[in-house]
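Enquirer: Input structure: data31.pdb, which contains PDB, C-alpha atoms.
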```
ATOM      1  CA  MET A  26       0.000   0.000   0.000  1.00  0.00           C
ATOM      2  CA  SER A  27       1.368   3.409  -0.948  1.00  0.00           C
ATOM      3  CA  GLN A  28       0.603   6.752   0.619  1.00  0.00           C
ATOM      4  CA  THR A  29       0.946   9.869  -1.502  1.00  0.00           C
ATOM      5  CA  PRO A  30       0.898  13.245   0.245  1.00  0.00           C
ATOM      6  CA  VAL A  31      -0.956  15.735  -1.944  1.00  0.00           C
ATOM      7  CA  LEU A  32       0.036  19.356  -1.353  1.00  0.00           C
ATOM      8  CA  ALA A  33      -2.120  22.465  -1.487  1.00  0.00           C
ATOM      9  CA  PRO A  34      -1.451  24.060  -4.898  1.00  0.00           C
ATOM     10  CA  VAL A  35      -2.372  27.509  -3.522  1.00  0.00           C
ATOM     11  CA  SER A  36      -2.678  29.044  -0.087  1.00  0.00           C
ATOM     12  CA  GLY A  37      -6.066  29.863   1.396  1.00  0.00           C
ATOM     13  CA  ARG A  38      -8.801  28.225   3.456  1.00  0.00           C
ATOM     14  CA  ALA A  39      -8.873  24.439   3.207  1.00  0.00           C
ATOM     15  CA  VAL A  40     -12.337  23.139   2.305  1.00  0.00           C
ATOM     16  CA  ALA A  41     -13.817  19.636   2.406  1.00  0.00           C
ATOM     17  CA  LEU A  42     -14.664  18.469  -1.111  1.00  0.00           C
ATOM     18  CA  ALA A  43     -18.288  17.905  -0.038  1.00  0.00           C
ATOM     19  CA  ASP A  44     -18.519  21.679   0.576  1.00  0.00           C
ATOM     20  CA  VAL A  45     -17.484  22.673  -2.970  1.00  0.00           C
ATOM     21  CA  PRO A  46     -20.554  24.266  -4.622  1.00  0.00           C
ATOM     22  CA  ASP A  47     -20.381  22.082  -7.736  1.00  0.00           C
ATOM     23  CA  PRO A  48     -21.848  18.545  -7.699  1.00  0.00           C
ATOM     24  CA  VAL A  49     -19.241  17.238 -10.143  1.00  0.00           C
ATOM     25  CA  PHE A  50     -16.674  17.780  -7.370  1.00  0.00           C
ATOM     26  CA  SER A  51     -18.743  17.619  -4.155  1.00  0.00           C
ATOM     27  CA  ALA A  52     -20.281  14.255  -5.076  1.00  0.00           C
ATOM     28  CA  GLY A  53     -16.888  12.781  -6.009  1.00  0.00           C
ATOM     29  CA  MET A  54     -17.841  12.237  -9.662  1.00  0.00           C
ATOM     30  CA  VAL A  55     -14.295  13.048 -10.802  1.00  0.00           C
ATOM     31  CA  GLY A  56     -12.623  11.565  -7.721  1.00  0.00           C
ATOM     32  CA  TYR A  57     -12.103  12.421  -4.069  1.00  0.00           C
ATOM     33  CA  GLY A  58      -9.836  14.992  -2.454  1.00  0.00           C
ATOM     34  CA  ALA A  59     -10.243  18.469  -0.974  1.00  0.00           C
ATOM     35  CA  ALA A  60     -10.235  22.106  -2.076  1.00  0.00           C
ATOM     36  CA  VAL A  61      -8.681  25.458  -1.238  1.00  0.00           C
ATOM     37  CA  ASP A  62     -10.509  28.795  -1.302  1.00  0.00           C
ATOM     38  CA  PRO A  63      -7.685  31.110  -2.420  1.00  0.00           C
ATOM     39  CA  PRO A  64      -6.999  34.710  -1.360  1.00  0.00           C
ATOM     40  CA  ARG A  65      -8.493  37.346  -3.663  1.00  0.00           C
ATOM     41  CA  GLY A  66      -5.257  38.259  -5.399  1.00  0.00           C
ATOM     42  CA  VAL A  67      -3.000  36.907  -8.125  1.00  0.00           C
ATOM     43  CA  VAL A  68      -1.561  33.613  -6.849  1.00  0.00           C
ATOM     44  CA  ASP A  69       0.907  31.026  -8.086  1.00  0.00           C
ATOM     45  CA  ALA A  70      -0.538  27.523  -8.382  1.00  0.00           C
ATOM     46  CA  VAL A  71       2.059  24.800  -7.832  1.00  0.00           C
ATOM     47  CA  ALA A  72       2.276  21.063  -8.453  1.00  0.00           C
ATOM     48  CA  PRO A  73       0.601  19.138  -5.600  1.00  0.00           C
ATOM     49  CA  VAL A  74       2.713  16.042  -6.359  1.00  0.00           C
ATOM     50  CA  SER A  75       5.811  15.127  -8.371  1.00  0.00           C
ATOM     51  CA  GLY A  76       5.279  13.349 -11.671  1.00  0.00           C
ATOM     52  CA  LYS A  77       4.442  13.806 -15.337  1.00  0.00           C
ATOM     53  CA  LEU A  78       2.162  16.656 -16.382  1.00  0.00           C
ATOM     54  CA  LEU A  79      -0.390  14.575 -18.304  1.00  0.00           C
ATOM     55  CA  LYS A  80      -2.815  17.371 -19.115  1.00  0.00           C
ATOM     56  CA  LEU A  81      -2.317  21.130 -19.035  1.00  0.00           C
ATOM     57  CA  MET A  82      -5.124  23.544 -19.789  1.00  0.00           C
ATOM     58  CA  PRO A  83      -4.962  27.153 -18.651  1.00  0.00           C
ATOM     59  CA  HIS A  84      -7.566  26.529 -15.891  1.00  0.00           C
ATOM     60  CA  ALA A  85      -6.671  22.960 -14.861  1.00  0.00           C
ATOM     61  CA  TYR A  86      -3.900  20.386 -14.845  1.00  0.00           C
ATOM     62  CA  VAL A  87      -3.382  16.683 -14.135  1.00  0.00           C
ATOM     63  CA  ILE A  88      -0.151  15.187 -12.795  1.00  0.00           C
ATOM     64  CA  MET A  89       0.495  11.420 -12.741  1.00  0.00           C
ATOM     65  CA  THR A  90       2.888  10.236 -10.022  1.00  0.00           C
ATOM     66  CA  ALA A  91       5.374   7.377 -10.383  1.00  0.00           C
ATOM     67  CA  ASP A  92       2.885   5.278  -8.345  1.00  0.00           C
ATOM     68  CA  ASN A  93       0.150   5.968 -10.939  1.00  0.00           C
ATOM     69  CA  VAL A  94      -1.803   8.383  -8.749  1.00  0.00           C
ATOM     70  CA  GLY A  95      -3.391  10.998 -11.026  1.00  0.00           C
ATOM     71  CA  VAL A  96      -4.084  14.322  -9.327  1.00  0.00           C
ATOM     72  CA  LEU A  97      -6.316  16.984 -10.885  1.00  0.00           C
ATOM     73  CA  VAL A  98      -6.053  20.659  -9.891  1.00  0.00           C
ATOM     74  CA  HIS A  99      -8.987  22.752 -11.138  1.00  0.00           C
ATOM     75  CA  LEU A 100      -8.517  26.515 -10.767  1.00  0.00           C
ATOM     76  CA  GLY A 101     -12.021  27.828 -10.079  1.00  0.00           C
ATOM     77  CA  LEU A 102     -15.448  26.485 -11.040  1.00  0.00           C
ATOM     78  CA  ASP A 103     -16.697  26.727 -14.633  1.00  0.00           C
ATOM     79  CA  THR A 104     -13.463  28.528 -15.552  1.00  0.00           C
ATOM     80  CA  VAL A 105     -13.140  26.600 -18.831  1.00  0.00           C
ATOM     81  CA  ALA A 106     -15.578  29.235 -20.164  1.00  0.00           C
ATOM     82  CA  LEU A 107     -12.867  31.900 -19.733  1.00  0.00           C
ATOM     83  CA  GLU A 108     -10.840  30.270 -22.541  1.00  0.00           C
ATOM     84  CA  GLY A 109      -7.561  30.899 -20.736  1.00  0.00           C
ATOM     85  CA  ALA A 110      -8.213  34.483 -19.596  1.00  0.00           C
ATOM     86  CA  GLY A 111      -6.829  34.949 -16.082  1.00  0.00           C
ATOM     87  CA  PHE A 112      -4.332  32.083 -16.299  1.00  0.00           C
ATOM     88  CA  THR A 113      -0.655  32.037 -17.297  1.00  0.00           C
ATOM     89  CA  THR A 114       1.003  28.618 -17.598  1.00  0.00           C
ATOM     90  CA  HIS A 115       4.729  28.226 -16.902  1.00  0.00           C
ATOM     91  CA  VAL A 116       5.335  24.609 -17.988  1.00  0.00           C
ATOM     92  CA  ALA A 117       4.385  22.405 -20.933  1.00  0.00           C
ATOM     93  CA  GLN A 118       2.152  19.363 -21.124  1.00  0.00           C
ATOM     94  CA  GLY A 119       4.340  16.257 -20.877  1.00  0.00           C
ATOM     95  CA  ASP A 120       6.918  17.909 -18.590  1.00  0.00           C
ATOM     96  CA  ASP A 121       8.174  16.144 -15.497  1.00  0.00           C
ATOM     97  CA  VAL A 122       7.401  18.376 -12.519  1.00  0.00           C
ATOM     98  CA  THR A 123       8.265  18.299  -8.837  1.00  0.00           C
ATOM     99  CA  ALA A 124       5.891  18.932  -5.951  1.00  0.00           C
ATOM    100  CA  GLY A 125       5.844  22.656  -5.219  1.00  0.00           C
ATOM    101  CA  GLN A 126       6.954  23.675  -8.732  1.00  0.00           C
ATOM    102  CA  LEU A 127       5.111  26.643 -10.275  1.00  0.00           C
ATOM    103  CA  ILE A 128       2.578  25.476 -12.866  1.00  0.00           C
ATOM    104  CA  THR A 129       0.147  28.358 -13.444  1.00  0.00           C
ATOM    105  CA  THR A 130      -0.280  31.957 -12.293  1.00  0.00           C
ATOM    106  CA  TYR A 131      -3.948  32.352 -11.347  1.00  0.00           C
ATOM    107  CA  ASP A 132      -5.600  35.790 -11.481  1.00  0.00           C
ATOM    108  CA  VAL A 133      -8.280  35.207  -8.842  1.00  0.00           C
ATOM    109  CA  PRO A 134      -9.776  38.746  -9.091  1.00  0.00           C
ATOM    110  CA  ALA A 135     -10.293  38.283 -12.854  1.00  0.00           C
ATOM    111  CA  VAL A 136     -12.247  35.063 -12.216  1.00  0.00           C
ATOM    112  CA  VAL A 137     -14.324  36.670  -9.456  1.00  0.00           C
ATOM    113  CA  ALA A 138     -15.028  39.678 -11.732  1.00  0.00           C
ATOM    114  CA  LYS A 139     -16.610  37.255 -14.237  1.00  0.00           C
ATOM    115  CA  GLY A 140     -18.967  36.043 -11.501  1.00  0.00           C
ATOM    116  CA  LEU A 141     -17.238  32.677 -11.095  1.00  0.00           C
ATOM    117  CA  ASN A 142     -16.240  30.889  -7.896  1.00  0.00           C
ATOM    118  CA  PRO A 143     -12.418  30.840  -7.567  1.00  0.00           C
ATOM    119  CA  ILE A 144     -12.250  27.755  -5.283  1.00  0.00           C
ATOM    120  CA  VAL A 145      -9.572  25.207  -6.259  1.00  0.00           C
ATOM    121  CA  PRO A 146     -10.672  21.542  -6.065  1.00  0.00           C
ATOM    122  CA  VAL A 147      -7.807  19.015  -5.903  1.00  0.00           C
ATOM    123  CA  VAL A 148      -8.837  15.406  -6.505  1.00  0.00           C
ATOM    124  CA  VAL A 149      -7.371  11.978  -7.077  1.00  0.00           C
ATOM    125  CA  MET A 150      -8.668  11.136 -10.550  1.00  0.00           C
ATOM    126  CA  ASP A 151     -11.083   8.212 -10.718  1.00  0.00           C
ATOM    127  CA  GLU A 152     -10.791   7.492  -6.982  1.00  0.00           C
ATOM    128  CA  ARG A 153     -14.114   5.853  -6.100  1.00  0.00           C
ATOM    129  CA  GLU A 154     -13.457   5.187  -2.399  1.00  0.00           C
ATOM    130  CA  PRO A 155     -13.674   8.346  -0.274  1.00  0.00           C
ATOM    131  CA  GLY A 156     -11.846   6.483   2.515  1.00  0.00           C
ATOM    132  CA  ASN A 157      -8.737   6.308   0.321  1.00  0.00           C
ATOM    133  CA  VAL A 158      -8.316  10.072   0.720  1.00  0.00           C
ATOM    134  CA  VAL A 159      -7.286  11.130   4.217  1.00  0.00           C
ATOM    135  CA  ALA A 160      -7.895  14.832   4.818  1.00  0.00           C
ATOM    136  CA  SER A 161      -5.347  16.959   6.672  1.00  0.00           C
ATOM    137  CA  ASP A 162      -6.210  18.736   9.918  1.00  0.00           C
ATOM    138  CA  ALA A 163      -6.555  21.984   7.908  1.00  0.00           C
ATOM    139  CA  VAL A 164      -9.317  20.424   5.778  1.00  0.00           C
ATOM    140  CA  ILE A 165     -11.051  18.893   8.790  1.00  0.00           C
ATOM    141  CA  GLY A 166     -10.955  22.236  10.618  1.00  0.00           C
ATOM    142  CA  SER A 167     -11.660  24.336   7.500  1.00  0.00           C
ATOM    143  CA  SER A 168      -8.642  26.422   8.451  1.00  0.00           C
ATOM    144  CA  GLU A 169      -5.943  28.322   6.590  1.00  0.00           C
ATOM    145  CA  ILE A 170      -3.364  26.278   4.697  1.00  0.00           C
ATOM    146  CA  GLY A 171      -0.155  27.396   3.040  1.00  0.00           C
ATOM    147  CA  SER A 172       0.782  26.606  -0.524  1.00  0.00           C
ATOM    148  CA  GLY A 173       2.855  23.415  -0.434  1.00  0.00           C
ATOM    149  CA  ALA A 174       1.420  22.133   2.872  1.00  0.00           C
ATOM    150  CA  VAL A 175      -0.184  18.660   2.878  1.00  0.00           C
ATOM    151  CA  LEU A 176      -3.841  19.020   1.865  1.00  0.00           C
ATOM    152  CA  PHE A 177      -4.629  15.300   2.001  1.00  0.00           C
ATOM    153  CA  THR A 178      -2.994  11.895   1.641  1.00  0.00           C
ATOM    154  CA  ALA A 179      -3.998   9.480  -1.119  1.00  0.00           C
ATOM    155  CA  VAL A 180      -3.852   5.817  -0.081  1.00  0.00           C
ATOM    156  CA  LYS A 181      -3.570   3.219  -2.821  1.00  0.00           C
TER
END
```
Take the structure in this file and express it as structure tokens.
Expert:
Amino acid sequence: MSQTPVLAPVSGRAVALADVPDPVFSAGMVGYGAAVDPPRGVVDAVAPVSGKLLKLMPHAYVIMTADNVGVLVHLGLDTVALEGAGFTTHVAQGDDVTAGQLITTYDVPAVVAKGLNPIVPVVVMDEREPGNVVASDAVIGSSEIGSGAVLFTAVK
């Protein structure tokens, strides 16, 4: 059994996935994990795990670890509609990245100005067992978390 610590890609208030106001995430349809409600400024979003950057869109990215744990970071809800506005990527799809490495600069005020929720869900792709994701104390307490701190641990 492997345990993969998944780091917060941005700082902010840690949020249980069930409290994300989008059923695709809150119901675990994509997978289980947690979220971070970021500060209302321009923030750097980092890699939550080390691995290969499988998918890179301006508003979201997926990293696959060496243990085949796929982690999705989604910057805001419904942000695909912005067609990249408010996001600046700093790496390329297919790159090998290390946990904590800068992936995307996220203009939170630009997203909020469009009437969208800037919360950042972080999920283990295709994880169907909520018990395989162990939330950190910050998530349990809905407290502040720093970028790069452990958000949750994925157990496989």
Enquirer: To verify the selection step, state as a PyMOL selection string which residues the PyMOL selection byres ((chain A and resi 131-133) around 8) yields on this input.
Expert: chain A and resi 63-70+100+111-113+129-130+134-137+143
Enquirer: To test your reading of the syntax: which residues would the PyMOL selection byres ((chain A and resi 85-96) around 10) return for the file shown? Reply as a PyMOL selection string.
Expert: chain A and resi 27-29+31+56-58+72-84+97-101+104-105+109+112+114+118-124+128-129+145-152+179-181
Enquirer: Just say which residues the PyMOL selection byres ((chain A and resi 44) around 12) picks in this file, as a count of residues only.
Expert: 25
Enquirer: Which one is closest to Met54 (chain A): A:Pro155, A:Gly37, A:Gly125, A:Gly140? Count all atoms listed in the file.
Expert: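 Going through A:Pro155, A:Gly37, A:Gly125, A:Gly140 one by one, the smallest distance to Met54 (chain A) is for A:Pro155.
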Enquirer: Compare A:Val35, A:Met26, A:Ala110, A:Ala174 by their minimum atom-to-atom distance to Asn157 (chain A), counting only C-alpha atoms, and give me the closest one.
Expert: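 Closest residue, counting only C-alpha atoms: A:Met26.
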Enquirer: In Å, rounded to a single decimal, give me how far CA of Glu169 (chain A) is from CA of Leu107 (chain A).
Expert: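 Pair CA of Leu107 (chain A) / CA of Glu169 (chain A) returns 27.5 Å.
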Enquirer: To one decimal place in Å, what is the distance between CA of Ile170 (chain A) and CA of Arg38 (chain A)?
Expert: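 Going from CA of Ile170 (chain A) over to CA of Arg38 (chain A), I get 5.9 Å.
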Enquirer: I'd like the interatomic distance between CA of Phe177 (chain A) and CA of Ala106 (chain A), to a tenth of an Å.
Expert: 28.4 Å
